[in-house]
Structure formats: structure tokens, C-alpha cells
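K.L.:
For reference, the file final-v7.cif (mmCIF, C-alpha atoms) is included below:
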data_structure
loop_
_atom_site.label_atom_id
_atom_site.label_comp_id
_atom_site.auth_asym_id
_atom_site.auth_seq_id
_atom_site.Cartn_x
_atom_site.Cartn_y
_atom_site.Cartn_z
CA MET X 8 180.11 112.18 42.63
CA GLU X 9 179.55 110.74 39.19
CA VAL X 10 180.09 114.15 37.59
CA LYS X 11 183.47 114.56 39.31
CA LYS X 12 184.53 111.11 38.09
CA ILE X 13 183.62 111.95 34.51
CA ASN X 14 185.42 115.29 34.69
CA PHE X 15 188.53 113.60 36.07
CA LEU X 16 188.56 111.05 33.24
CA GLN X 17 188.05 113.79 30.67
CA SER X 18 190.83 115.93 32.12
CA TYR X 19 193.40 113.17 32.53
CA SER X 20 192.43 110.73 29.79
CA SER X 21 195.47 111.56 27.62
CA ILE X 22 197.83 111.13 30.57
CA LEU X 23 196.19 107.85 31.61
CA TRP X 24 196.46 106.49 28.05
CA LEU X 25 200.12 107.57 27.94
CA LEU X 26 200.88 105.96 31.31
CA GLY X 27 199.12 102.80 30.19
CA GLY X 28 201.23 102.61 27.03
CA ILE X 29 204.46 103.19 28.97
CA ILE X 30 203.62 100.59 31.63
CA ILE X 31 202.66 97.96 29.05
CA GLY X 32 205.79 98.73 27.03
CA SER X 33 208.02 98.40 30.12
CA ILE X 34 206.44 95.04 30.98
CA PHE X 35 207.05 93.85 27.41
CA GLY X 36 210.70 94.92 27.72
CA LEU X 37 211.17 93.05 31.01
CA VAL X 38 209.46 89.88 29.76
CA PHE X 39 210.78 89.61 26.20
CA GLY X 40 214.16 91.37 26.50
CA GLU X 41 215.86 92.10 23.19
CA ASP X 42 213.02 90.41 21.29
CA VAL X 43 211.08 93.69 21.68
CA LEU X 44 213.25 95.11 18.90
CA ILE X 45 210.50 93.91 16.57
CA ILE X 46 208.15 96.68 17.83
CA LYS X 47 210.82 99.40 17.99
CA PRO X 48 209.77 100.73 14.52
CA LEU X 49 206.48 101.86 16.08
CA GLY X 50 208.42 104.10 18.43
CA ASP X 51 210.65 105.28 15.57
CA ILE X 52 207.63 106.23 13.44
CA PHE X 53 206.18 108.29 16.28
CA LEU X 54 209.50 110.05 16.92
CA ASN X 55 210.05 110.69 13.21
CA LEU X 56 206.62 112.32 12.96
CA LEU X 57 207.48 114.49 15.95
CA PHE X 58 210.88 115.49 14.58
CA THR X 59 209.53 116.44 11.15
CA ALA X 60 206.78 118.56 12.69
CA ILE X 61 209.07 120.25 15.20
CA ILE X 62 211.20 122.03 12.57
CA PRO X 63 208.33 124.24 11.31
CA LEU X 64 206.98 124.49 14.87
CA ILE X 65 210.24 126.07 16.05
CA PHE X 66 210.23 128.54 13.17
CA PHE X 67 206.64 129.66 13.63
CA THR X 68 206.58 129.77 17.45
CA ILE X 69 209.77 131.83 17.79
CA GLY X 70 209.08 133.99 14.74
CA SER X 71 205.49 134.69 15.82
CA SER X 72 206.47 135.33 19.44
CA VAL X 73 209.19 137.86 18.58
CA ALA X 74 207.09 139.54 15.88
CA ASN X 75 204.28 140.14 18.39
CA LEU X 76 206.44 141.88 20.97
CA GLU X 77 205.41 145.48 21.48
CA ARG X 78 208.87 147.01 21.93
CA THR X 79 212.41 145.94 21.09
CA GLU X 80 213.47 146.97 24.62
CA LYS X 81 211.13 144.31 25.98
CA LEU X 82 212.78 141.67 23.81
CA GLY X 83 216.26 142.64 25.04
CA LYS X 84 215.21 142.50 28.69
CA LEU X 85 213.48 139.15 28.19
CA PHE X 86 216.54 137.66 26.48
CA VAL X 87 218.95 138.82 29.22
CA ILE X 88 216.73 137.43 32.00
CA MET X 89 216.39 134.13 30.14
CA VAL X 90 220.17 133.73 29.75
CA LEU X 91 220.77 134.49 33.45
CA VAL X 92 218.10 131.99 34.54
CA PHE X 93 219.56 129.32 32.23
CA LEU X 94 223.10 129.83 33.53
CA ALA X 95 222.01 129.88 37.17
CA THR X 96 220.07 126.61 36.99
CA ILE X 97 222.81 124.86 34.99
CA LEU X 98 225.45 125.79 37.59
CA ILE X 99 223.19 124.89 40.52
CA SER X 100 222.48 121.45 39.04
CA ALA X 101 226.22 120.87 38.50
CA ILE X 102 226.99 121.85 42.11
CA VAL X 103 224.28 119.45 43.36
CA MET X 104 225.95 116.63 41.40
CA ILE X 105 229.40 117.56 42.73
CA CYS X 106 228.01 117.32 46.28
CA ALA X 107 226.45 113.94 45.44
CA VAL X 108 229.72 112.41 44.21
CA TYR X 109 231.55 113.97 47.17
CA PHE X 110 229.26 112.32 49.73
CA PHE X 111 228.97 109.07 47.72
CA PRO X 112 232.38 108.74 46.01
CA ILE X 113 232.95 106.36 43.13
CA HIS X 114 235.91 104.17 44.09
CA GLU X 115 235.82 100.91 42.19
CA ASP X 116 237.57 99.17 39.32
CA ILE X 117 235.78 99.84 36.06
CA ALA X 118 235.78 97.44 33.14
CA ILE X 119 236.36 99.34 29.92
CA ALA X 120 233.80 98.35 27.32
CA LYS X 121 234.75 98.40 23.67
CA VAL X 122 231.92 100.08 21.78
CA PRO X 123 231.94 101.91 18.45
CA PHE X 124 231.72 105.68 18.53
CA GLU X 125 230.85 108.44 16.12
CA GLU X 126 233.46 110.16 14.04
CA VAL X 127 233.65 113.81 15.09
CA ALA X 128 234.43 116.36 12.43
CA SER X 129 237.79 118.07 12.90
CA GLY X 130 238.41 121.76 12.45
CA SER X 131 239.39 124.91 14.27
CA ALA X 132 237.35 126.29 17.17
CA GLY X 133 236.13 129.10 14.93
CA ASP X 134 234.90 126.65 12.29
CA GLN X 135 233.05 124.59 14.89
CA ILE X 136 231.36 127.70 16.30
CA ALA X 137 230.33 128.83 12.81
CA LYS X 138 228.80 125.40 12.08
CA LEU X 139 227.01 125.45 15.42
CA LEU X 140 225.42 128.89 14.96
CA THR X 141 224.79 128.97 11.19
CA ALA X 142 224.09 126.76 8.16
CA ASN X 143 225.75 126.83 4.74
CA ASP X 144 222.44 126.89 2.89
CA PHE X 145 218.77 127.44 3.64
CA PHE X 146 217.77 123.80 3.21
CA GLU X 147 220.25 122.81 5.95
CA LEU X 148 218.14 124.76 8.42
CA LEU X 149 215.41 122.15 7.89
CA SER X 150 217.48 119.48 9.65
CA ARG X 151 217.26 118.99 13.42
CA LYS X 152 221.06 118.76 13.38
CA SER X 153 221.02 122.52 12.72
CA MET X 154 218.58 123.26 15.52
CA LEU X 155 220.54 126.15 17.04
CA ALA X 156 221.05 127.73 13.61
CA LEU X 157 217.29 127.39 12.92
CA ILE X 158 216.46 129.04 16.25
CA ILE X 159 218.77 131.98 15.54
CA PHE X 160 217.31 132.34 12.03
CA SER X 161 213.73 132.21 13.38
CA PHE X 162 214.61 134.80 16.00
CA LEU X 163 216.02 137.12 13.32
CA VAL X 164 212.97 136.63 11.07
CA GLY X 165 210.68 137.54 13.96
CA PHE X 166 212.80 140.59 14.80
CA ALA X 167 212.83 141.71 11.14
CA THR X 168 209.03 141.34 11.05
CA LEU X 169 208.78 143.42 14.21
CA GLN X 170 210.99 146.12 12.69
CA SER X 171 208.95 146.15 9.47
CA GLY X 172 205.95 147.62 11.25
CA GLU X 173 202.83 148.09 9.13
CA LYS X 174 204.51 146.76 5.97
CA GLY X 175 205.27 143.47 7.70
CA LYS X 176 201.75 143.03 9.05
CA ALA X 177 200.79 140.41 6.42
CA PHE X 178 203.90 138.36 7.14
CA LYS X 179 203.19 138.57 10.89
CA SER X 180 199.72 137.16 10.20
CA PHE X 181 201.37 134.34 8.26
CA LEU X 182 203.60 133.55 11.25
CA ASP X 183 200.63 133.63 13.64
CA SER X 184 198.57 131.40 11.35
CA GLY X 185 201.45 128.96 10.85
CA ASN X 186 201.96 128.79 14.61
CA GLU X 187 198.32 127.79 15.13
CA VAL X 188 198.38 125.21 12.31
CA MET X 189 201.52 123.55 13.66
CA LYS X 190 200.03 123.33 17.15
CA GLN X 191 197.01 121.52 15.71
CA LEU X 192 199.24 119.18 13.71
CA LEU X 193 201.17 118.26 16.85
CA ASN X 194 197.92 117.62 18.70
CA ILE X 195 197.09 115.06 15.99
CA ILE X 196 200.53 113.41 16.20
CA MET X 197 200.31 113.19 20.00
CA LYS X 198 197.21 111.01 19.64
CA PHE X 199 199.65 108.21 18.73
CA ALA X 200 201.87 108.88 21.79
CA PRO X 201 200.68 105.90 23.91
CA ILE X 202 201.65 103.41 21.16
CA GLY X 203 204.86 105.22 20.16
CA LEU X 204 206.17 105.82 23.68
CA GLY X 205 205.09 102.35 24.77
CA ALA X 206 207.19 100.79 21.99
CA TYR X 207 210.13 103.05 22.82
CA PHE X 208 209.97 102.17 26.53
CA ALA X 209 209.84 98.48 25.66
CA TYR X 210 213.01 98.94 23.60
CA GLN X 211 214.85 100.83 26.35
CA VAL X 212 213.96 98.39 29.10
CA GLY X 213 214.55 95.32 26.93
CA VAL X 214 217.91 96.36 25.49
CA PHE X 215 219.56 98.55 28.12
CA GLY X 216 218.03 97.09 31.28
CA PRO X 217 220.65 94.33 31.82
CA GLN X 218 223.55 96.83 31.70
CA LEU X 219 222.19 98.58 34.79
CA LEU X 220 223.33 95.63 36.95
CA GLY X 221 226.95 95.77 35.78
CA VAL X 222 229.93 97.91 36.76
CA TYR X 223 227.92 101.06 36.11
CA ALA X 224 225.41 100.29 38.87
CA LYS X 225 226.96 102.49 41.59
CA PRO X 226 227.51 105.66 39.52
CA MET X 227 224.06 105.13 37.99
CA ALA X 228 222.50 104.88 41.45
CA VAL X 229 224.27 108.07 42.58
CA TYR X 230 223.20 109.91 39.44
CA TYR X 231 219.57 108.82 39.48
CA ALA X 232 219.25 109.60 43.20
CA ALA X 233 220.78 113.06 42.71
CA CYS X 234 218.51 113.77 39.73
CA VAL X 235 215.36 112.69 41.59
CA PHE X 236 216.41 114.90 44.51
CA TYR X 237 217.09 117.85 42.20
CA PHE X 238 213.85 117.31 40.27
CA PHE X 239 211.55 117.39 43.28
CA VAL X 240 213.43 119.68 45.67
CA PHE X 241 214.98 122.29 43.40
CA PHE X 242 212.18 122.43 40.85
CA SER X 243 209.86 123.04 43.80
CA LEU X 244 212.14 125.82 45.02
CA TYR X 245 212.25 127.35 41.54
CA ALA X 246 208.43 127.26 41.41
CA LEU X 247 208.25 129.01 44.78
CA VAL X 248 210.67 131.66 43.51
CA ALA X 249 208.49 132.06 40.41
CA GLY X 250 205.34 132.79 42.40
CA GLY X 251 205.06 131.19 45.81
CA LYS X 252 202.55 128.46 46.70
CA ARG X 253 200.28 129.22 43.76
CA ALA X 254 203.07 128.78 41.21
CA PHE X 255 204.14 125.61 43.07
CA LYS X 256 200.65 124.09 42.64
CA VAL X 257 200.33 125.26 39.03
CA PHE X 258 203.70 123.74 38.04
CA TRP X 259 203.28 120.32 39.65
CA SER X 260 199.70 119.91 38.42
CA ASN X 261 200.65 120.58 34.78
CA ASN X 262 204.08 119.00 34.24
CA ILE X 263 203.00 115.34 34.10
CA MET X 264 202.68 115.14 30.32
CA PRO X 265 206.03 116.90 29.61
CA SER X 266 207.76 114.64 32.15
CA LEU X 267 206.42 111.42 30.62
CA THR X 268 207.19 112.62 27.09
CA ALA X 269 210.75 113.52 28.07
CA VAL X 270 211.46 110.16 29.73
CA GLY X 271 209.81 108.26 26.89
CA THR X 272 211.49 110.01 23.96
CA CYS X 273 214.88 110.89 25.56
CA SER X 274 214.70 114.09 23.53
CA SER X 275 214.39 117.69 24.67
CA ILE X 276 213.30 118.67 21.17
CA ALA X 277 210.56 116.03 21.00
CA THR X 278 209.24 117.35 24.33
CA ILE X 279 208.82 120.92 23.05
CA PRO X 280 205.13 120.44 22.05
CA ALA X 281 204.23 119.00 25.46
CA ASN X 282 206.18 121.78 27.19
CA LEU X 283 204.41 124.48 25.19
CA ALA X 284 201.00 122.98 25.95
CA ALA X 285 201.82 122.73 29.67
CA ALA X 286 203.17 126.29 29.77
CA GLU X 287 199.96 127.54 28.17
CA LYS X 288 197.89 125.77 30.85
CA MET X 289 200.13 127.30 33.51
CA GLY X 290 199.26 130.77 32.28
CA ILE X 291 202.76 131.72 31.12
CA PRO X 292 202.47 134.57 28.56
CA ALA X 293 202.71 133.39 24.93
CA HIS X 294 205.69 135.59 24.03
CA VAL X 295 207.62 134.17 27.01
CA ARG X 296 206.82 130.47 26.58
CA ASN X 297 207.25 130.59 22.79
CA LEU X 298 210.74 132.02 23.21
CA VAL X 299 212.13 130.36 26.35
CA ILE X 300 210.99 126.76 25.69
CA PRO X 301 212.24 126.37 22.08
CA LEU X 302 215.51 128.12 22.99
CA GLY X 303 215.84 126.04 26.13
CA ALA X 304 215.71 122.72 24.24
CA PRO X 305 219.22 123.09 22.74
CA LEU X 306 220.71 125.61 25.20
CA HIS X 307 219.44 124.72 28.69
CA LYS X 308 220.23 121.27 30.10
CA ASP X 309 220.27 120.69 33.84
CA GLY X 310 220.35 116.92 33.30
CA SER X 311 223.27 117.09 30.88
CA SER X 312 225.06 119.36 33.34
CA MET X 313 224.77 116.71 36.06
CA SER X 314 225.65 113.98 33.56
CA SER X 315 228.82 115.86 32.58
CA ILE X 316 229.95 116.01 36.22
CA LEU X 317 229.20 112.30 36.68
CA LYS X 318 231.25 111.33 33.60
CA ILE X 319 234.20 113.47 34.68
CA THR X 320 234.26 112.04 38.23
CA PHE X 321 233.76 108.52 36.84
CA LEU X 322 236.79 108.94 34.58
CA PHE X 323 238.84 110.41 37.45
CA ALA X 324 238.04 107.33 39.57
CA MET X 325 238.76 105.03 36.64
CA PHE X 326 242.23 106.46 36.08
CA GLY X 327 243.00 106.93 39.77
CA LYS X 328 243.04 110.75 39.76
CA ASP X 329 241.91 113.13 42.51
CA PHE X 330 238.79 115.17 41.77
CA SER X 331 238.84 117.23 44.99
CA ASP X 332 241.21 119.98 43.78
CA PRO X 333 239.34 123.35 43.61
CA MET X 334 240.77 124.22 40.18
CA THR X 335 239.71 120.82 38.85
CA ILE X 336 236.16 121.42 40.10
CA LEU X 337 236.05 124.96 38.64
CA LEU X 338 237.24 123.61 35.31
CA ALA X 339 234.55 120.92 35.48
CA LEU X 340 231.90 123.62 36.02
CA GLY X 341 233.18 125.52 32.98
CA ILE X 342 233.12 122.37 30.84
CA THR X 343 229.62 121.63 32.09
CA VAL X 344 228.27 125.00 30.92
CA ILE X 345 229.82 124.47 27.48
CA VAL X 346 228.51 120.89 27.27
CA SER X 347 225.00 122.03 28.20
CA ILE X 348 225.05 124.54 25.34
CA VAL X 349 226.77 122.42 22.68
CA GLU X 350 225.02 119.05 23.12
CA GLY X 351 222.08 118.47 20.79
CA GLY X 352 218.51 117.91 21.96
CA ILE X 353 218.10 114.63 20.07
CA PRO X 354 218.19 111.12 21.56
CA ASN X 355 221.77 110.00 22.30
CA GLY X 356 223.11 113.16 20.65
CA GLY X 357 226.72 113.89 19.65
CA TYR X 358 229.67 113.27 21.91
CA ILE X 359 231.37 116.65 21.53
CA GLY X 360 230.94 117.37 25.24
CA GLU X 361 232.57 114.11 26.31
CA ILE X 362 235.45 114.63 23.90
CA LEU X 363 235.96 118.16 25.23
CA ALA X 364 236.20 116.93 28.83
CA ILE X 365 238.49 114.02 27.92
CA THR X 366 240.80 116.33 25.96
CA VAL X 367 240.95 119.02 28.64
CA TYR X 368 241.85 116.57 31.41
CA GLY X 369 244.23 114.56 29.23
CA PHE X 370 242.55 111.15 29.48
CA PRO X 371 243.37 108.56 26.78
CA MET X 372 240.61 108.93 24.20
CA GLU X 373 240.45 105.24 23.19
CA GLN X 374 239.71 104.14 26.75
CA ALA X 375 237.75 107.08 28.12
CA LEU X 376 235.31 107.83 25.30
CA PRO X 377 233.51 104.43 25.22
CA VAL X 378 232.98 104.63 28.98
CA ALA X 379 231.56 108.16 28.75
CA MET X 380 229.30 107.05 25.88
CA ILE X 381 227.86 104.10 27.79
CA LEU X 382 227.19 106.28 30.84
CA GLY X 383 225.56 108.90 28.61
CA THR X 384 223.24 106.30 27.12
CA LEU X 385 222.23 104.78 30.47
CA VAL X 386 221.46 108.12 32.15
CA ASP X 387 219.73 109.58 29.10
CA PRO X 388 216.08 109.13 30.21
CA ILE X 389 216.29 110.99 33.53
CA ALA X 390 218.79 113.50 32.13
CA THR X 391 216.27 114.38 29.43
CA LEU X 392 213.58 114.69 32.11
CA LEU X 393 215.60 117.43 33.82
CA ASN X 394 216.65 119.01 30.52
CA ALA X 395 213.14 119.28 29.10
CA ASN X 396 211.08 119.84 32.24
CA GLY X 397 213.62 122.42 33.37
CA ASP X 398 212.63 124.57 30.38
CA VAL X 399 209.09 124.86 31.74
CA ILE X 400 210.18 125.90 35.23
CA CYS X 401 212.66 128.36 33.70
CA SER X 402 209.88 129.89 31.60
CA MET X 403 207.91 130.37 34.84
CA MET X 404 210.83 132.20 36.47
CA VAL X 405 211.51 134.29 33.36
CA SER X 406 207.82 135.19 33.26
CA ARG X 407 207.97 136.21 36.91
CA PHE X 408 211.10 138.36 36.57
CA SER X 409 210.21 139.97 33.24
CA GLU X 410 206.40 140.22 33.35
CA LYS X 411 205.73 140.12 37.14
CA THR X 412 203.35 137.23 36.43
CA LYS X 413 201.29 136.04 39.38
CA TRP X 414 199.55 132.70 39.47
#
Would you mind writing the file's structure down as C-alpha cells?
P.N.:
Amino acid sequence: MEVKKINFLQSYSSILWLLGGIIIGSIFGLVFGEDVLIIKPLGDIFLNLLFTAIIPLIFFTIGSSVANLERTEKLGKLFVIMVLVFLATILISAIVMICAVYFFPIHEDIAIAKVPFEEVASGSAGDQIAKLLTANDFFELLSRKSMLALIIFSFLVGFATLQSGEKGKAFKSFLDSGNEVMKQLLNIIMKFAPIGLGAYFAYQVGVFGPQLLGVYAKPMAVYYAACVFYFFVFFSLYALVAGGKRAFKVFWSNNIMPSLTAVGTCSSIATIPANLAAAEKMGIPAHVRNLVIPLGAPLHKDGSSMSSILKITFLFAMFGKDFSDPMTILLALGITVIVSIVEGGIPNGGYIGEILAITVYGFPMEQALPVAMILGTLVDPIATLLNANGDVICSMMVSRFSEKTKW
């Protein structure tokens, strides 16, 4: 009996420390309110360490994974399956949210809050796409604002290494070695997670907690309920699809750390290390997890998909418009897919998605954007949970469809 107790503590000590930090931080936020801003720098330091380490991690994990593929045909098949899985889960999550707002409609007067918002760079659609996919100079790839461009570059480096054959063997070893070093570095940084996430939770609860009781309470309740339902029900279904009861048990016994990290950091990118570690414990092949999870951080967002639908229906209710028209719903689904791809994986990322929806439906920007921003901030924790944790379950399904993995 004593041996089992010791083994349990050894196995779950990191999770217990993390939970302890989060609980203490939440209590601090409830008790001291906005005074907890004094400890927010502790959370910022932890996040900054994560963000600076994640840039080289992305490069080495993707580059090493692609370089170690045996055949280029395998890479093409893996990529196609990954894209199809991403699109399917994004659309399913959006449909779940549409059903939620249909059964629990938002019909109430909404006070329009005046909050400052970011200036969005203007330019043609082609210019915006070019900035999204590429960087003007190499050093710009080292910024998390160019995450998608870095991922594409890392993918191409790995592919070029693969094509180089024997001559590229030394560079492949460099990628493999760098991948291992970065994993160890992130293990060191995660030792500070209980303090960093505790401080960040204290800040979130202390600063944003009071707003939950205002005019946003009903849409927030609908959104959080729908997300919890989607998280437990549909992620369970996805796990069953990925490998039946065994995959179901493997997923739910290993996704605690990624879930807590996602909720605590509100960042899909900051959750990448925890996702990769969980995927390794789940037995997902290295070349699958090292490709799907880093790519999923900026490209696959079930939570943002549901958030996009909520914001659109909220604005329709606010301006007295009908959201039940089939063409309106189809357009919302299209916007949702674009938003899920364009939005960044950083906390409270850019508002390009909101602006796109507001422009397409013709809402007044000055009134609609602040409302969408406030909603985006309040739903960010659970949205990030679905965004980040969804990458792990997607990697399980991709592994099943491409590698016939059995758990």
C-alpha cells in the first residue's frame, strides 16, 4: 500500500504542484482583486521564458520530424490527413456552438463598452496573405508574431534535409540534437510552472472576474457550457475513433498537464511543450506528434471556432438581426474556418477575425469591435483549452489514419 502511494506521488507530483499553484493563485485573485497585479510579473516572466524557448523548439521539432521521414510520399499523405482532420473538427465545433445558441438564444439589451483596440495594418488581401505566410527577413522568423511563417520555413528546411540524402546527414543530426536540447530546456522552464501559472491565474481572476457578472453573463454561460460539453463528449468520441476504449483511456489519463497549461497561459503556443510531452506518453509516433502539434497551434482552433460563432450571434442579437437564415449560418461557418487559421496562438491575439466578421456582415465597427474584443478576452481560457488540447486528440486521429496506430 505504501509503495503504491509513493508511486502515485512520484507520477503526479508535477500535476499536483501545478494544481496547487493554480488554486492558491485563484484564491489570491478572489480575495485581493486587482491588487494581485503586483504579482503578475511572475506570470509574465514564466510566459516570456516559454515564448523565447518555443521559437527554436518549433524549428527543431518540425525540421527533425520531416527530415526523419522515410519517404516523401509518406509526408504528403500525413499532411493531407492532418488538414482533413483539422477542418472536420473545426466545423464540428462550430456546428455544436450554433446548436447551443439556437437552443439557448441570446435576446437581451447589451451595453456597449468603450475599450481601446489595436490598430490593424491595412493592405490588399494578397499583401495580408504574404505577411501571414512569409517574413521579409530571416530575423523576423524569430518572433512569435511570425509563427506560421516560421512553421512553413521549418517544414521546408526539414524537407530539404530529407531530399539531401547522405550529404545532409550531418545537418539532420544537428536537427535531432537541437530537438533533444530544446526539450530538456523546456523541462527546466516548466519547473517554474506552479509559480508562473499561479500568478497568472491570480491576475485573471482578480481583474476579469467581476466582468463575468455583467451583461456578458448569459452568452458567457452558453459558451462555457457548450465548450465543456464539446470537451468531454466530442473529445471522447474523437479518442474512440482514434483507437477505441484503449485510446480513450490513454487520452484522458495523459491530457491533464496540457489542459492546465492551456487554461493557465491562454496560449496555444505556450502549451506546445506540454502537448508534445503528453503525446509522447500516449505513444503517438514522433514524426506525427512533432508535425501535427506545432502546426495545430496556429492553424487548428476548435475553441476559437466556437468563440467566432458566439461573437457573431452576440452581435446579431445586439443589432436586432436574425441569425437563423441558412446563408447567414453558412457564411458564419466560412468565417469561422478563416478565423481559426488566421488568429494567432498568443494570449489575447490579434482581432483580424473579429474585424473580418464585422466587415462581412456590415456591423458598425466602432460599436461592434469593442464588444467582440471583450467577449474574446472573457472566453479566452476555455477557448485555449479546446484549441490546445484539440491538437493532441487530432494527433491521435492522424496517427490512427496514417500509421494505423493501436493503443
K.L.:
To one decimal in Å, tell me the separation between CA of Ala285 in chain X and CA of Ile345 in chain X.
P.N.:
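Going from CA of Ala285 in chain X over to CA of Ile345 in chain X, I get 28.1 Å.
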K.L.:
May I have a table of the residues of range 216-252 of chain X lying at most 12 Å from range 289-307 of chain X, giving each one's closest pair of atoms and their distance in Å to one decimal, counting only C-alpha atoms, ordered by chain and ascending residue number, as a Markdown table?
P.N.:
| residue | atom | partner | partner_atom | distance |
| --- | --- | --- | --- | --- |
| X:Ala246 | CA | X:Met289 | CA | 11.5 |
| X:Ala249 | CA | X:Ile291 | CA | 10.9 |
| X:Gly250 | CA | X:Ile291 | CA | 11.6 |
K.L.:
Residue by residue, what does the PyMOL selection byres ((chain X and resi 166) around 12) grab here? Present the result as number ranges by chain.
P.N.:
X: 69-83, 159-165, 167-172, 175, 178-179
K.L.:
With all atoms listed in the file as the basis for distance, which of X:Leu94, X:Ile29, X:Leu393, X:Ile46 is at the shortest distance from Tyr231 in chain X?
P.N.:
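Residue with the minimum atom-to-atom distance to Tyr231 in chain X: X:Leu393.
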K.L.:
Which is closest to Leu382 in chain X among X:Ala254, X:Cys106, X:Met154, X:Met313, if we use only C-alpha atoms?
P.N.:
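Nearest candidate to Leu382 in chain X out of X:Ala254, X:Cys106, X:Met154, X:Met313: X:Met313.
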K.L.:
Taking the file above as input, evaluate the PyMOL selection byres ((chain X and resi 388) around 8) and report the hits as a list in words.
P.N.:
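This file gives the following for the PyMOL selection byres ((chain X and resi 388) around 8): Ala269, Val270, Gly271, Thr272, Cys273, Leu385, Val386, Asp387, Ile389, Ala390, Thr391 and Leu392 of chain X.
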K.L.:
Taking 4 positions as the minimum chain separation for residues in the same chain, which residues sit within 12 Å of Gly28 in chain X when counting all atoms listed in the file? Answer as number ranges by chain.
P.N.:
X: 21-24, 32-35, 50, 198-209, 267-268, 271
K.L.:
Given the PyMOL selection byres ((chain X and resi 368) around 12) and the file above, list the residues it selects as a count of residues only.
P.N.:
26
K.L.:
Once 4 Å is added on each side, what are the centre and the three edge lengths, in Å to one decimal, of the axis-aligned box enclosing the listed atoms of range 51-63 of chain X? Present them as AutoDock Vina command-line options.
P.N.:
--center_x 208.7 --center_y 114.8 --center_z 14.0 --size_x 13.0 --size_y 27.0 --size_z 13.8
K.L.:
Just the number, please: distance in Å from CA of Phe66 in chain X to CA of Trp259 in chain X, one decimal.
P.N.:
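We find that CA of Phe66 in chain X and CA of Trp259 in chain X lie 28.6 Å from each other.
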K.L.:
Work out how far apart CA of Val188 in chain X and CA of Leu64 in chain X are and give it in Å to one decimal.
P.N.:
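Answer for the CA of Val188 in chain X to CA of Leu64 in chain X separation: 9.0 Å.
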K.L.:
My list of candidates is X:Leu337, X:Ala60, X:Leu182, X:Met380. Which is closest to Ser150 in chain X when distances are computed with only C-alpha atoms?
P.N.:
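Among X:Leu337, X:Ala60, X:Leu182, X:Met380, it is X:Ala60 that comes nearest to Ser150 in chain X.
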K.L.:
Pick the closest to Leu57 in chain X from X:Ala232, X:Ile316, X:Met197, X:Leu91: which is it, counting all atoms listed in the file?
P.N.:
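Of the candidates, the smallest distance to Leu57 in chain X is held by X:Met197.
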K.L.:
Identify, on the basis of all atoms listed in the file, every residue whose closest approach to Phe241 in chain X does not exceed 10 Å; exclude the query and any residue fewer than 4 positions from it along the same chain; express the result as a tab-separated table (two decimals) with C-alpha atoms, in the coordinates of the input.
P.N.:
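Result file follows (part.tsv):
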chain	number	residue	atom	x	y	z
X	96	THR	CA	220.07	126.61	36.99
X	99	ILE	CA	223.19	124.89	40.52
X	100	SER	CA	222.48	121.45	39.04
X	103	VAL	CA	224.28	119.45	43.36
X	234	CYS	CA	218.51	113.77	39.73
X	235	VAL	CA	215.36	112.69	41.59
X	236	PHE	CA	216.41	114.90	44.51
X	237	TYR	CA	217.09	117.85	42.20
X	245	TYR	CA	212.25	127.35	41.54
X	246	ALA	CA	208.43	127.26	41.41
X	247	LEU	CA	208.25	129.01	44.78
